[in-house]
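coords11.tsv follows; it contains TSV, C-alpha atoms.
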```
chain	number	residue	atom	x	y	z
A	889	MET	CA	83.35	96.87	88.83
A	890	TYR	CA	84.60	100.38	89.66
A	891	GLU	CA	86.03	102.40	86.78
A	892	PRO	CA	88.30	105.32	87.71
A	893	GLY	CA	87.09	108.73	86.63
A	894	TYR	CA	90.11	109.44	84.46
A	895	VAL	CA	89.11	106.62	82.10
A	896	ALA	CA	86.03	108.50	80.91
A	897	LEU	CA	88.06	111.71	80.65
A	898	LEU	CA	90.61	109.88	78.53
A	899	GLN	CA	87.94	108.53	76.20
A	900	ASN	CA	86.25	111.88	75.59
A	901	GLY	CA	89.51	113.83	75.18
A	902	GLU	CA	89.06	115.90	78.32
A	903	LEU	CA	92.03	114.37	80.14
A	904	GLU	CA	94.48	115.65	77.55
A	905	LYS	CA	92.92	119.12	77.75
A	906	ARG	CA	93.27	119.15	81.53
A	907	VAL	CA	96.93	118.21	81.27
A	908	GLU	CA	97.53	121.09	78.86
A	909	ARG	CA	95.86	123.55	81.23
A	910	LEU	CA	97.83	122.24	84.20
A	911	TYR	CA	101.13	122.52	82.35
A	912	ALA	CA	100.33	126.12	81.45
A	913	LEU	CA	100.48	126.93	85.16
A	914	LEU	CA	104.15	125.93	85.25
A	915	ALA	CA	105.27	128.77	82.96
A	916	SER	CA	104.79	131.26	85.81
A	917	CYS	CA	104.22	128.81	88.58
A	918	THR	CA	100.89	129.00	90.39
A	919	VAL	CA	100.64	125.26	91.01
A	920	CYS	CA	100.37	125.82	94.79
A	921	PRO	CA	99.30	128.77	96.95
A	922	ARG	CA	102.87	130.05	97.21
A	923	ASN	CA	102.41	131.44	93.66
A	924	CYS	CA	106.16	131.78	93.15
A	925	GLY	CA	105.84	132.80	89.49
A	926	ASN	CA	109.03	131.04	88.35
A	927	ASP	CA	109.23	129.42	84.92
A	928	ARG	CA	109.41	125.74	85.74
A	929	LEU	CA	109.15	124.82	82.08
A	930	ALA	CA	112.65	126.33	81.83
A	931	ASN	CA	113.71	124.64	85.09
A	932	VAL	CA	113.81	127.87	87.07
A	933	LEU	CA	113.60	126.85	90.74
A	934	ALA	CA	111.84	128.58	93.62
A	935	SER	CA	110.35	127.56	96.98
A	936	CYS	CA	109.78	123.86	96.27
A	937	ALA	CA	113.11	123.52	94.41
A	938	SER	CA	111.29	121.67	91.62
A	939	GLY	CA	111.65	122.20	87.91
A	940	LEU	CA	110.00	120.49	84.96
A	941	ASP	CA	110.79	116.82	85.57
A	942	PRO	CA	109.25	115.20	88.65
A	943	VAL	CA	111.41	113.84	91.45
A	944	VAL	CA	110.36	110.33	92.47
A	945	SER	CA	112.18	109.26	95.63
A	946	SER	CA	110.49	105.87	95.91
A	947	TYR	CA	107.61	103.89	94.47
A	948	THR	CA	106.51	100.95	96.54
A	949	ALA	CA	103.57	99.12	98.15
A	950	PRO	CA	103.51	99.87	101.90
A	951	PHE	CA	100.79	98.65	104.25
A	952	GLY	CA	100.73	101.68	106.53
A	953	GLU	CA	97.79	103.46	104.93
A	954	GLU	CA	94.24	103.05	106.19
A	955	PRO	CA	93.13	99.42	105.76
A	956	ALA	CA	90.58	100.38	103.11
A	957	LEU	CA	93.52	101.58	100.99
A	958	SER	CA	96.25	99.10	101.91
A	959	GLY	CA	94.11	95.98	101.58
A	960	THR	CA	95.99	92.70	101.27
A	961	ARG	CA	98.44	93.70	98.52
A	962	GLY	CA	99.34	97.23	99.52
A	963	ALA	CA	98.75	100.73	98.21
A	964	GLY	CA	100.91	101.58	95.21
A	965	ASN	CA	102.52	104.71	96.60
A	966	VAL	CA	104.63	107.13	94.58
A	967	PHE	CA	106.68	109.31	96.92
A	968	PHE	CA	107.51	112.61	95.24
A	969	GLY	CA	110.63	114.41	96.38
A	970	ASN	CA	110.73	118.01	97.59
A	971	CYS	CA	107.65	119.74	99.03
A	972	ASN	CA	105.90	123.09	99.12
A	973	LEU	CA	105.95	123.02	102.95
A	974	ARG	CA	108.89	122.88	105.36
A	975	CYS	CA	107.42	120.97	108.29
A	976	VAL	CA	109.93	120.82	111.12
A	977	TYR	CA	108.64	117.37	112.14
A	978	CYS	CA	108.31	115.78	108.69
A	979	GLN	CA	108.82	112.02	108.88
A	980	ASN	CA	109.81	112.10	105.19
A	981	TRP	CA	112.31	114.93	105.67
A	982	GLN	CA	115.04	112.96	103.85
A	983	ILE	CA	113.16	113.39	100.59
A	984	SER	CA	111.00	116.46	101.27
A	985	GLN	CA	113.70	118.90	102.41
A	986	ASP	CA	116.99	117.82	100.89
A	987	TRP	CA	116.55	119.03	97.35
A	988	LYS	CA	120.23	118.77	96.41
A	989	ALA	CA	120.22	115.04	97.14
A	990	GLN	CA	116.85	114.56	95.47
A	991	ARG	CA	117.98	116.02	92.16
A	992	THR	CA	119.44	112.61	91.35
A	993	ASN	CA	115.90	111.16	91.53
A	994	GLU	CA	114.48	113.23	88.69
A	995	VAL	CA	112.61	111.16	86.12
A	996	SER	CA	110.71	111.93	82.94
A	997	VAL	CA	106.92	111.82	82.98
A	998	GLU	CA	107.21	108.88	80.61
A	999	ARG	CA	109.21	106.99	83.23
A	1000	LEU	CA	106.68	108.00	85.91
A	1001	ALA	CA	103.91	106.54	83.75
A	1002	GLU	CA	105.88	103.29	83.55
A	1003	MET	CA	106.14	103.24	87.35
A	1004	LEU	CA	102.36	103.47	87.65
A	1005	LEU	CA	101.93	100.52	85.32
A	1006	GLU	CA	104.57	98.56	87.25
A	1007	LEU	CA	102.67	99.11	90.49
A	1008	GLN	CA	99.50	97.91	88.79
A	1009	ASP	CA	101.33	94.82	87.53
A	1010	ARG	CA	102.53	94.13	91.08
A	1011	GLY	CA	98.91	93.85	92.20
A	1012	CYS	CA	98.59	97.12	94.12
A	1013	HIS	CA	95.02	98.15	94.88
A	1014	ASN	CA	95.45	101.80	93.91
A	1015	ILE	CA	98.01	104.45	92.99
A	1016	GLY	CA	98.76	106.79	95.88
A	1017	PHE	CA	100.56	110.01	94.99
A	1018	VAL	CA	102.31	111.17	98.17
A	1019	SER	CA	103.09	114.91	98.38
A	1020	PRO	CA	101.82	115.51	94.84
A	1021	THR	CA	100.90	119.21	95.11
A	1022	HIS	CA	103.98	120.70	93.44
A	1023	TYR	CA	103.93	118.03	90.71
A	1024	ALA	CA	100.21	117.99	89.95
A	1025	PRO	CA	100.69	118.77	86.22
A	1026	GLN	CA	103.35	116.08	85.81
A	1027	MET	CA	101.23	113.63	87.79
A	1028	ALA	CA	98.26	114.24	85.49
A	1029	LYS	CA	100.37	113.80	82.36
A	1030	ALA	CA	101.80	110.52	83.67
A	1031	VAL	CA	98.24	109.33	84.33
A	1032	LEU	CA	97.29	110.28	80.77
A	1033	LEU	CA	100.18	108.27	79.33
A	1034	ALA	CA	99.64	105.31	81.64
A	1035	ALA	CA	95.88	105.27	81.03
A	1036	ARG	CA	96.52	105.04	77.29
A	1037	ALA	CA	98.62	101.96	78.09
A	1038	GLY	CA	96.00	100.34	80.30
A	1039	LEU	CA	96.19	101.87	83.78
A	1040	ARG	CA	92.88	101.28	85.55
A	1041	LEU	CA	93.60	101.68	89.28
A	1042	PRO	CA	91.92	104.34	91.44
A	1043	LEU	CA	94.11	107.39	92.10
A	1044	VAL	CA	94.71	108.64	95.64
A	1045	TYR	CA	95.85	112.26	96.11
A	1046	ASN	CA	97.73	112.16	99.43
A	1047	THR	CA	98.39	115.83	100.12
A	1048	ASN	CA	99.33	118.29	102.85
A	1049	ALA	CA	96.22	120.28	101.81
A	1050	TYR	CA	98.23	123.40	100.94
A	1051	ASP	CA	96.74	123.14	97.47
A	1052	SER	CA	95.56	125.56	94.81
A	1053	VAL	CA	91.80	125.49	94.31
A	1054	GLU	CA	92.35	126.15	90.60
A	1055	VAL	CA	94.53	123.03	90.36
A	1056	LEU	CA	92.05	120.94	92.34
A	1057	ARG	CA	89.28	121.97	89.93
A	1058	LEU	CA	91.44	120.76	87.05
A	1059	LEU	CA	91.90	117.46	88.88
A	1060	ASP	CA	88.14	117.00	89.26
A	1061	GLY	CA	87.32	113.60	87.81
A	1062	ILE	CA	91.01	112.62	87.58
A	1063	VAL	CA	91.50	112.02	91.29
A	1064	ASP	CA	89.37	109.27	92.78
A	1065	VAL	CA	90.26	109.60	96.47
A	1066	TYR	CA	91.35	112.80	98.19
A	1067	LEU	CA	93.48	112.08	101.26
A	1068	PRO	CA	94.43	115.49	102.71
A	1069	ASP	CA	96.30	116.15	105.94
A	1070	PHE	CA	94.43	118.90	107.78
A	1071	LYS	CA	97.49	120.05	109.70
A	1072	TYR	CA	96.55	123.19	111.64
A	1073	ALA	CA	93.51	125.17	112.70
A	1074	ASP	CA	95.59	128.34	113.13
A	1075	SER	CA	97.92	129.80	110.51
A	1076	ARG	CA	100.30	130.98	113.23
A	1077	ALA	CA	101.08	127.32	113.85
A	1078	GLY	CA	101.42	126.82	110.11
A	1079	TRP	CA	104.05	129.54	109.98
A	1080	MET	CA	105.88	128.27	113.06
A	1081	TYR	CA	105.99	124.61	112.08
A	1082	SER	CA	105.55	124.47	108.27
A	1083	LYS	CA	106.86	127.87	107.13
A	1084	VAL	CA	103.85	129.17	105.22
A	1085	PRO	CA	101.90	132.21	106.45
A	1086	ASP	CA	98.37	131.23	105.44
A	1087	TYR	CA	98.07	127.48	105.89
A	1088	ALA	CA	94.69	127.34	107.64
A	1089	GLU	CA	92.97	129.63	105.15
A	1090	ARG	CA	94.32	127.86	102.06
A	1091	ALA	CA	93.80	124.36	103.45
A	1092	ARG	CA	90.19	125.11	104.32
A	1093	GLU	CA	89.57	126.43	100.80
A	1094	ALA	CA	91.12	123.25	99.40
A	1095	LEU	CA	89.01	121.02	101.64
A	1096	VAL	CA	85.84	122.84	100.58
A	1097	GLU	CA	86.72	122.15	96.94
A	1098	MET	CA	87.53	118.50	97.63
A	1099	TYR	CA	84.19	118.17	99.42
A	1100	ARG	CA	82.40	119.83	96.50
A	1101	GLN	CA	83.82	117.17	94.22
A	1102	LYS	CA	83.38	114.11	96.45
A	1103	GLY	CA	80.81	114.96	99.12
A	1104	SER	CA	80.73	112.86	102.28
A	1105	SER	CA	80.03	109.45	100.74
A	1106	LEU	CA	82.81	106.89	100.43
A	1107	VAL	CA	82.54	104.49	97.51
A	1108	TYR	CA	83.77	100.96	98.20
A	1109	GLY	CA	84.30	98.21	95.68
A	1110	ASP	CA	83.25	94.59	95.82
A	1111	ASP	CA	86.61	93.88	97.46
A	1112	GLY	CA	85.74	96.18	100.38
A	1113	LEU	CA	88.42	98.71	99.46
A	1114	LEU	CA	87.95	102.45	99.03
A	1115	LYS	CA	87.55	103.51	95.41
A	1116	SER	CA	86.33	107.10	95.62
A	1117	GLY	CA	85.71	109.81	98.19
A	1118	LEU	CA	87.22	112.25	100.66
A	1119	LEU	CA	89.09	111.04	103.76
A	1120	VAL	CA	90.48	113.83	105.94
A	1121	ARG	CA	93.55	112.99	108.00
A	1122	VAL	CA	94.10	114.81	111.29
A	1123	LEU	CA	97.39	114.25	113.09
A	1124	VAL	CA	97.33	114.93	116.83
A	1125	LEU	CA	100.38	116.98	117.87
A	1126	PRO	CA	101.57	117.46	121.46
A	1127	ASN	CA	100.58	120.51	123.48
A	1128	GLY	CA	97.58	121.23	121.26
A	1129	ALA	CA	99.83	122.58	118.51
A	1130	ALA	CA	97.56	121.40	115.70
A	1131	GLY	CA	94.32	122.76	117.15
A	1132	VAL	CA	92.63	119.40	116.55
A	1133	GLU	CA	89.40	120.22	118.34
A	1134	GLU	CA	88.91	123.37	116.25
A	1135	SER	CA	89.75	121.56	113.02
A	1136	LEU	CA	87.28	118.79	113.75
A	1137	ALA	CA	84.57	121.31	114.65
A	1138	TRP	CA	85.21	123.19	111.39
A	1139	THR	CA	85.06	119.97	109.40
A	1140	ALA	CA	81.71	119.00	110.87
A	1141	GLU	CA	80.19	122.48	110.62
A	1142	THR	CA	81.53	123.63	107.24
A	1143	LEU	CA	81.69	120.33	105.37
A	1144	SER	CA	79.55	117.71	107.09
A	1145	PRO	CA	79.61	115.51	110.22
A	1146	ARG	CA	79.37	112.62	107.77
A	1147	VAL	CA	82.81	113.38	106.30
A	1148	ALA	CA	85.23	110.52	107.01
A	1149	VAL	CA	88.11	111.45	109.30
A	1150	SER	CA	91.28	109.47	109.89
A	1151	LEU	CA	92.53	110.44	113.35
A	1152	MET	CA	96.23	109.77	113.68
A	1153	ALA	CA	98.32	109.08	116.79
A	1154	GLN	CA	101.62	108.41	115.03
A	1155	TYR	CA	103.43	111.64	115.90
A	1156	TYR	CA	106.95	111.38	117.20
A	1157	PRO	CA	109.66	114.07	117.29
A	1158	ILE	CA	111.97	113.88	114.31
A	1159	HIS	CA	113.99	116.22	112.14
A	1160	ARG	CA	114.19	119.74	113.57
A	1161	ALA	CA	111.46	119.10	116.14
A	1162	ALA	CA	113.74	116.55	117.81
A	1163	ASN	CA	116.67	118.83	118.53
A	1164	ASP	CA	115.81	122.49	117.94
A	1165	GLY	CA	114.74	124.37	121.07
A	1166	ARG	CA	112.52	126.70	119.05
A	1167	TYR	CA	110.15	123.77	118.56
A	1168	SER	CA	110.20	122.42	122.10
A	1169	ALA	CA	106.40	122.09	122.10
A	1170	LEU	CA	106.84	119.26	119.61
A	1171	SER	CA	109.75	117.54	121.34
A	1172	ARG	CA	107.74	114.63	122.75
A	1173	GLU	CA	105.12	112.09	121.71
A	1174	ILE	CA	101.48	112.73	122.52
A	1175	THR	CA	100.06	111.62	125.86
A	1176	ALA	CA	97.11	109.35	126.52
A	1177	GLY	CA	95.20	112.38	127.76
A	1178	GLU	CA	95.80	114.30	124.53
A	1179	TRP	CA	94.65	111.33	122.50
A	1180	GLU	CA	91.50	110.93	124.60
A	1181	GLU	CA	90.70	114.63	124.11
A	1182	ALA	CA	90.98	114.19	120.34
A	1183	LEU	CA	88.72	111.14	120.42
A	1184	ALA	CA	86.22	113.07	122.52
A	1185	ALA	CA	86.25	115.90	119.97
A	1186	LEU	CA	85.44	113.41	117.22
A	1187	GLU	CA	82.44	112.18	119.17
A	1188	ALA	CA	81.30	115.64	120.21
A	1189	ASN	CA	81.18	116.74	116.57
A	1190	GLY	CA	79.40	113.61	115.39
A	1191	LEU	CA	82.32	112.55	113.22
A	1192	THR	CA	81.76	108.81	113.44
A	1193	ASN	CA	82.97	107.79	109.96
A	1194	GLY	CA	86.60	106.96	109.36
A	1195	PHE	CA	89.58	105.38	111.06
A	1196	GLN	CA	91.65	105.76	114.21
A	1197	GLN	CA	95.17	104.64	114.94
A	1198	GLU	CA	96.19	102.81	118.10
A	1199	LEU	CA	97.98	105.03	120.61
A	1200	GLY	CA	101.31	103.71	121.75
A	1201	THR	CA	101.93	101.41	118.81
A	1202	SER	CA	101.52	103.33	115.56
A	1203	ASN	CA	104.37	105.76	116.13
A	1204	ARG	CA	106.83	102.88	116.31
A	1205	TYR	CA	106.36	102.03	112.68
A	1206	TYR	CA	106.14	105.33	110.81
A	1207	ARG	CA	109.89	105.91	110.79
A	1208	PRO	CA	110.88	105.56	107.15
A	1209	ASP	CA	114.41	105.40	105.84
A	1210	PHE	CA	114.45	106.56	102.25
A	1211	THR	CA	118.03	105.48	101.75
A	1212	ASP	CA	116.26	102.18	101.07
A	1213	ARG	CA	114.29	103.26	98.01
A	1214	ASP	CA	112.53	99.93	97.55
A	1215	THR	CA	111.21	99.43	101.10
A	1216	PRO	CA	111.51	102.67	103.09
A	1217	PHE	CA	108.63	101.64	105.42
A	1218	ARG	CA	108.19	98.56	107.52
A	1219	ASP	CA	105.27	96.29	106.71
A	1220	ILE	CA	102.73	97.37	109.30
A	1221	ARG	CA	98.95	97.27	109.47
A	1222	ASP	CA	98.19	99.14	112.67
A	1223	PHE	CA	95.00	101.06	111.99
A	1224	SER	CA	91.95	100.06	113.98
A	1225	ARG	CA	88.84	98.91	112.18
A	1226	PRO	CA	86.62	101.56	110.58
A	1227	CYS	CA	84.30	103.34	112.97
A	1228	PRO	CA	80.71	102.05	112.85
```

Step by step, read the file and then write its structure as structure tokens.
Amino acid sequence: MYEPGYVALLQNGELEKRVERLYALLASCTVCPRNCGNDRLANVLASCASGLDPVVSSYTAPFGEEPALSGTRGAGNVFFGNCNLRCVYCQNWQISQDWKAQRTNEVSVERLAEMLLELQDRGCHNIGFVSPTHYAPQMAKAVLLAARAGLRLPLVYNTNAYDSVEVLRLLDGIVDVYLPDFKYADSRAGWMYSKVPDYAERAREALVEMYRQKGSSLVYGDDGLLKSGLLVRVLVLPNGAAGVEESLAWTAETLSPRVAVSLMAQYYPIHRAANDGRYSALSREITAGEWEEALAALEANGLTNGFQQELGTSNRYYRPDFTDRDTPFRDIRDFSRPCP
């Protein structure tokens, strides 16, 4: 039976030490590559509009993750509010970019720990932290508290990949599954569409560190579900905006062609991409030709491990409404089977 890595760290006292070191980064915030330097311990806000207490916009068990994570009872996802990026097409924009509204969703880390245990009690297969980057210290402390009370589910770090390498090193052994979105091959696109100047450079550094920790092997349990490893998500954007072919080539060459990739077809124009002429390149769904080019790039780079969504169906279901905190997503299981 798989035992999450944080259990051993709890038993030898290392988990508490990691939490202390992570919290120290909040005093002059360097939790993400923006390095704002604000004192979040004193609730001084900066780019991510986040202070000391985490914002939890929803915690639920959706079935829209890869099947090896969703299983039959759902992934226990914790959706953090606010974000360190400002993606103009964010499907979660209601919670990621409306910080004034999200202030009402602040909770203590003690309450967050209770949420993790509730998800475990509901039968979820894992705990998935969605957009955790700016709350990595609080996440780790909640895991510490919940683990003391019996939490034993694998932890999934579902991130935009604009992560601090220092923070990722402190999460080594705490996180079981890294699930990064590799958004852009070119930082000019990162600036245009996500409002950070160095996305590609920082994301690649983060992916290298995740690969150092997990390698290219995925660890499955007796139930057939993913327990540990690195699974890189690549979302195909219209008009080649993401540089998918270059990102896949970099993944194969710099990491390994054995790294698992989840190729995603779910893009649809929403938020500012839907009505702002500055982002007209993103104002439509992807075409069959663009999807076939992405699939061909997977094959050309030997990236045969992972998952692929179904074009023409997946983007109908990834339209959350976070005004419904309990069930913001529809119950959908639309990923294809794992690649052979």

All residues 12 Å or closer to A:Ser984, only C-alpha atoms, same chain fewer than 3 positions away omitted, as a ChimeraX atom specification: /A:935-938,943-946,967-981,987-991,1018-1020,1022,1048,1082,1159,1210

Could the residues in this selection be saved with C-alpha atoms as a tab-separated table (two decimals), in the coordinates of the input?
```tsv
chain	number	residue	atom	x	y	z
A	935	SER	CA	110.35	127.56	96.98
A	936	CYS	CA	109.78	123.86	96.27
A	937	ALA	CA	113.11	123.52	94.41
A	938	SER	CA	111.29	121.67	91.62
A	943	VAL	CA	111.41	113.84	91.45
A	944	VAL	CA	110.36	110.33	92.47
A	945	SER	CA	112.18	109.26	95.63
A	946	SER	CA	110.49	105.87	95.91
A	967	PHE	CA	106.68	109.31	96.92
A	968	PHE	CA	107.51	112.61	95.24
A	969	GLY	CA	110.63	114.41	96.38
A	970	ASN	CA	110.73	118.01	97.59
A	971	CYS	CA	107.65	119.74	99.03
A	972	ASN	CA	105.90	123.09	99.12
A	973	LEU	CA	105.95	123.02	102.95
A	974	ARG	CA	108.89	122.88	105.36
A	975	CYS	CA	107.42	120.97	108.29
A	976	VAL	CA	109.93	120.82	111.12
A	977	TYR	CA	108.64	117.37	112.14
A	978	CYS	CA	108.31	115.78	108.69
A	979	GLN	CA	108.82	112.02	108.88
A	980	ASN	CA	109.81	112.10	105.19
A	981	TRP	CA	112.31	114.93	105.67
A	987	TRP	CA	116.55	119.03	97.35
A	988	LYS	CA	120.23	118.77	96.41
A	989	ALA	CA	120.22	115.04	97.14
A	990	GLN	CA	116.85	114.56	95.47
A	991	ARG	CA	117.98	116.02	92.16
A	1018	VAL	CA	102.31	111.17	98.17
A	1019	SER	CA	103.09	114.91	98.38
A	1020	PRO	CA	101.82	115.51	94.84
A	1022	HIS	CA	103.98	120.70	93.44
A	1048	ASN	CA	99.33	118.29	102.85
A	1082	SER	CA	105.55	124.47	108.27
A	1159	HIS	CA	113.99	116.22	112.14
A	1210	PHE	CA	114.45	106.56	102.25
```

Taking (86.6, 112.0, 104.4) in the file's own coordinates, collect the residues within 7 Å, counting all atoms listed in the file, and hand them back as a ChimeraX atom specification. /A:1104,1117-1120,1147-1149

Among listed residues A:Ala1094, A:Leu1191, A:Ala1030, A:Val1107, nearest A:Arg1057 (using all atoms listed in the file): A:Ala1094

Hey, what's within 12 Å of A:Ala1140 if we count only C-alpha atoms and toss same-chain stuff fewer than 6 positions away? As a compact mmCIF listing (two decimals) with C-alpha atoms, in the frame of the given file, please?
```
# COMPACT_ATOMS: atom_id res chain seq x y z
CA LEU A 1095 89.01 121.02 101.64
CA VAL A 1096 85.84 122.84 100.58
CA TYR A 1099 84.19 118.17 99.42
CA SER A 1104 80.73 112.86 102.28
CA VAL A 1120 90.48 113.83 105.94
CA GLU A 1133 89.40 120.22 118.34
CA GLU A 1134 88.91 123.37 116.25
CA ARG A 1146 79.37 112.62 107.77
CA VAL A 1147 82.81 113.38 106.30
CA ALA A 1148 85.23 110.52 107.01
CA VAL A 1149 88.11 111.45 109.30
CA ALA A 1185 86.25 115.90 119.97
CA LEU A 1186 85.44 113.41 117.22
CA GLU A 1187 82.44 112.18 119.17
CA ALA A 1188 81.30 115.64 120.21
CA ASN A 1189 81.18 116.74 116.57
CA GLY A 1190 79.40 113.61 115.39
CA LEU A 1191 82.32 112.55 113.22
CA THR A 1192 81.76 108.81 113.44
CA ASN A 1193 82.97 107.79 109.96
```

Once you count only C-alpha atoms, what closest atom pair and distance in Å to one decimal does each residue of stretch 949-977 of chain A within 9 Å of stretch 1007-1017 of chain A have, with rows by chain and rising residue number, as JSON lines?
```
{"residue": "A:Ala949", "atom": "CA", "partner": "A:Cys1012", "partner_atom": "CA", "distance": 6.7}
{"residue": "A:Leu957", "atom": "CA", "partner": "A:His1013", "partner_atom": "CA", "distance": 7.2}
{"residue": "A:Ser958", "atom": "CA", "partner": "A:His1013", "partner_atom": "CA", "distance": 7.2}
{"residue": "A:Gly959", "atom": "CA", "partner": "A:His1013", "partner_atom": "CA", "distance": 7.1}
{"residue": "A:Thr960", "atom": "CA", "partner": "A:His1013", "partner_atom": "CA", "distance": 8.5}
{"residue": "A:Arg961", "atom": "CA", "partner": "A:Cys1012", "partner_atom": "CA", "distance": 5.6}
{"residue": "A:Gly962", "atom": "CA", "partner": "A:Cys1012", "partner_atom": "CA", "distance": 5.5}
{"residue": "A:Ala963", "atom": "CA", "partner": "A:Cys1012", "partner_atom": "CA", "distance": 5.5}
{"residue": "A:Gly964", "atom": "CA", "partner": "A:Ile1015", "partner_atom": "CA", "distance": 4.6}
{"residue": "A:Asn965", "atom": "CA", "partner": "A:Gly1016", "partner_atom": "CA", "distance": 4.4}
{"residue": "A:Val966", "atom": "CA", "partner": "A:Phe1017", "partner_atom": "CA", "distance": 5.0}
{"residue": "A:Phe967", "atom": "CA", "partner": "A:Phe1017", "partner_atom": "CA", "distance": 6.5}
{"residue": "A:Phe968", "atom": "CA", "partner": "A:Phe1017", "partner_atom": "CA", "distance": 7.4}
```

Mind pulling up the distance from atom CA of A:Pro1216 to atom CA of A:Pro1126? 25.6 Å

Please report the interatomic distance between atom CA of A:Pro1157 and atom CA of A:Leu1170 in Å with one decimal. 6.3 Å

For stretch 1069-1081 of chain A, work out the shell of residues within 8 Å, counting only C-alpha atoms and skipping chain neighbours fewer than 3 positions away, then give it as a PyMOL selection string. chain A and resi 974-977+1046-1049+1084-1089+1091+1120-1123+1129-1132+1134-1135+1167

Could you work out how far atom CA of A:Leu913 lies from atom CA of A:Val895, giving the answer in Å with one decimal?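 Taking atom CA of A:Val895 and atom CA of A:Leu913, their separation equals 23.5 Å.
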
One residue among A:Leu940, A:Ala956, A:Arg1092, A:Ala1182 is nearest to A:Gly1112 when using only C-alpha atoms, and that residue is A:Ala956

Pick out the residues sitting within 9 Å of A:Val997, and hand them over as number ranges by chain; count only C-alpha atoms, and ignore anything fewer than 3 positions along from it in its own chain. A: 941-942, 1000-1002, 1026-1027, 1029-1030, 1033

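The residue that comes closest to A:Gly1194, out of A:Asp1110, A:Glu1054, A:Glu994, A:Glu954 and on the basis of all atoms listed in the file, is A:Glu954.
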
List the neighbours of A:Pro1042 out to 9 Å using all atoms listed in the file; skip same-chain residues closer than 4 positions along the sequence, and give me the result as a PyMOL selection string. chain A and resi 890-894+1013-1016+1063-1065+1114-1116

Restrict the selected residues to C-alpha atoms and save them as a JSON list (two decimals), in the coordinates of the input.
```json
[["chain", "number", "residue", "atom", "x", "y", "z"],
["A", 890, "TYR", "CA", 84.60, 100.38, 89.66],
["A", 891, "GLU", "CA", 86.03, 102.40, 86.78],
["A", 892, "PRO", "CA", 88.30, 105.32, 87.71],
["A", 893, "GLY", "CA", 87.09, 108.73, 86.63],
["A", 894, "TYR", "CA", 90.11, 109.44, 84.46],
["A", 1013, "HIS", "CA", 95.02, 98.15, 94.88],
["A", 1014, "ASN", "CA", 95.45, 101.80, 93.91],
["A", 1015, "ILE", "CA", 98.01, 104.45, 92.99],
["A", 1016, "GLY", "CA", 98.76, 106.79, 95.88],
["A", 1063, "VAL", "CA", 91.50, 112.02, 91.29],
["A", 1064, "ASP", "CA", 89.37, 109.27, 92.78],
["A", 1065, "VAL", "CA", 90.26, 109.60, 96.47],
["A", 1114, "LEU", "CA", 87.95, 102.45, 99.03],
["A", 1115, "LYS", "CA", 87.55, 103.51, 95.41],
["A", 1116, "SER", "CA", 86.33, 107.10, 95.62]]
```

With distances taken over all atoms listed in the file, which of A:Glu1141, A:Ile1158, A:Asn1127, A:Glu904 is nearest to A:Gly1177?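 The shortest atom-to-atom distance to A:Gly1177 comes from A:Asn1127.
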